[in-house]
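Q: Would you mind keeping the following structure in view while I ask a few things?
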Amino acid sequence: MYVVTGAGPVGYTVAEQLAGQGHQVRILTRSGSGPDHPLVERMRVDAADPERLTEAVSGAAAVFHCIHGSAYRAASWAAELPRAEQVVMDAAAAAGAVVVFPESLYSYSEPDRMMTEASPRTATGGKRGIRTALLAARQAHAANTVSVVAGDFFGPRVKMAHAGERMVTPILAGKAVQFIGSINQPHSFTYVPDLAAAMIAAAQQPELWNTVLHAPTGPAVTQRDMAAAHAEAAGVAAPKVSAVPGWVLRVAGIFSTDMRELAELLYQFERPFVMDSSQSQKLLGLEPTPLAEAAEATVTWWRGAVQVGAGG
């Protein structure tokens, strides 16, 4: 039996893939959401509740911890994430289960270089420093853990992302797309089903526990390229693409906390921001889904979601 905390795009996809492989899955959310599948047990559990979590994790072979902060703010992350991860790792250690975490590239302290599994992860300050601290806490804990690093998400169910609804819905509506930073710098995007597959494979290989891996991620592309790939998959004309300059966000950040939090990560979009996953792909026996195929699946999901929304 496997346990998944959270039913966002990563947690939902992990649970869906596990059930598709014939595994019994228990997905824990405060709302009781998750895939509708006979092998998926949906439970209303707050993953930060030690008593309830310990009960839910009992007997599990692995826990996939896919919960993020309630807001995209450093203060929210600092208040919520470390404690939640400690609770999950404590429960997993008691159950003898490995904990698998999806992880970002935020902690990488030399992002202007190609980021590999061996690159330094010592970034400080704000959200970047919090991710660094979380990785250190996992390493120090008695529980077995694996952190699987991904670039910016795209794919089915990915809404709040640079290549999510702000990109796909305008394309489907025949409208222009606006990004941030630069539309011509190479950037690594990770297809969420590839991340989920990597997390599952890592959980099933004890020799990979207590390491940091990279999710299979295709060659870096520009934000313009991402929009064009999704437009082609949708069978529509490539959209007009523009970007909000970094200085605009930085000025806006003087008055807006949300803009300030977004501006903190502008370095990822103003310069090349590229990860390499070749080493982890060999270890996991996985390859990234080709962009054209991934874009087609993404567009198909979004068209279904739009129709459902239109139907009330």
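By convention here, the chains of the structure tokens are called A, B, ... in the order presented, each chain's residues are numbered starting at 1, and ligands are numbered starting at 1 in the order presented.
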Using only C-alpha atoms, determine which residues lie at most 6 Å from Cys66 of chain A, disregarding the query and same-chain residues fewer than 4 positions distant; provide the list as a ChimeraX atom specification.

A: /A:5-6,11

Q: With only C-alpha atoms as the basis for distance, which of A:Met160, A:Trp77, A:Ala94, A:Val57 is at the shortest distance from Gly129 of chain A?

A: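 Nearest to Gly129 of chain A: A:Trp77.
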
Q: Run DSSP on the backbone and grab whatever in segment 54-157 of chain A lands in alpha helix (DSSP H); send it over as a PyMOL selection string.

A: chain A and resi 54-57+74-95+126-140

Q: Between A:Arg166, A:Lys175, A:Lys282, A:Arg224, which has the minimum distance to Leu208 of chain A (counting only C-alpha atoms)?

A: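 Checking each of A:Arg166, A:Lys175, A:Lys282, A:Arg224 against Leu208 of chain A, counting only C-alpha atoms, the winner is A:Lys282.
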
Q: Using only C-alpha atoms, which of A:Val149, A:Phe179, A:Gly174, A:Pro82 sits nearest Phe101 of chain A?

A: A:Val149

Q: Which neighbours of Val25 of chain A fall inside 12 Å, counting only C-alpha atoms, when residues of the same chain fewer than 2 positions from it are skipped, and could you give them as JSON, numbers by chain?

A: {"A": [1, 2, 3, 4, 5, 11, 12, 13, 14, 15, 16, 17, 18, 19, 20, 21, 22, 23, 27, 28, 34, 35, 36, 37, 38, 39, 40, 41, 42, 43, 56, 57, 59, 60, 61, 62, 63, 64]}
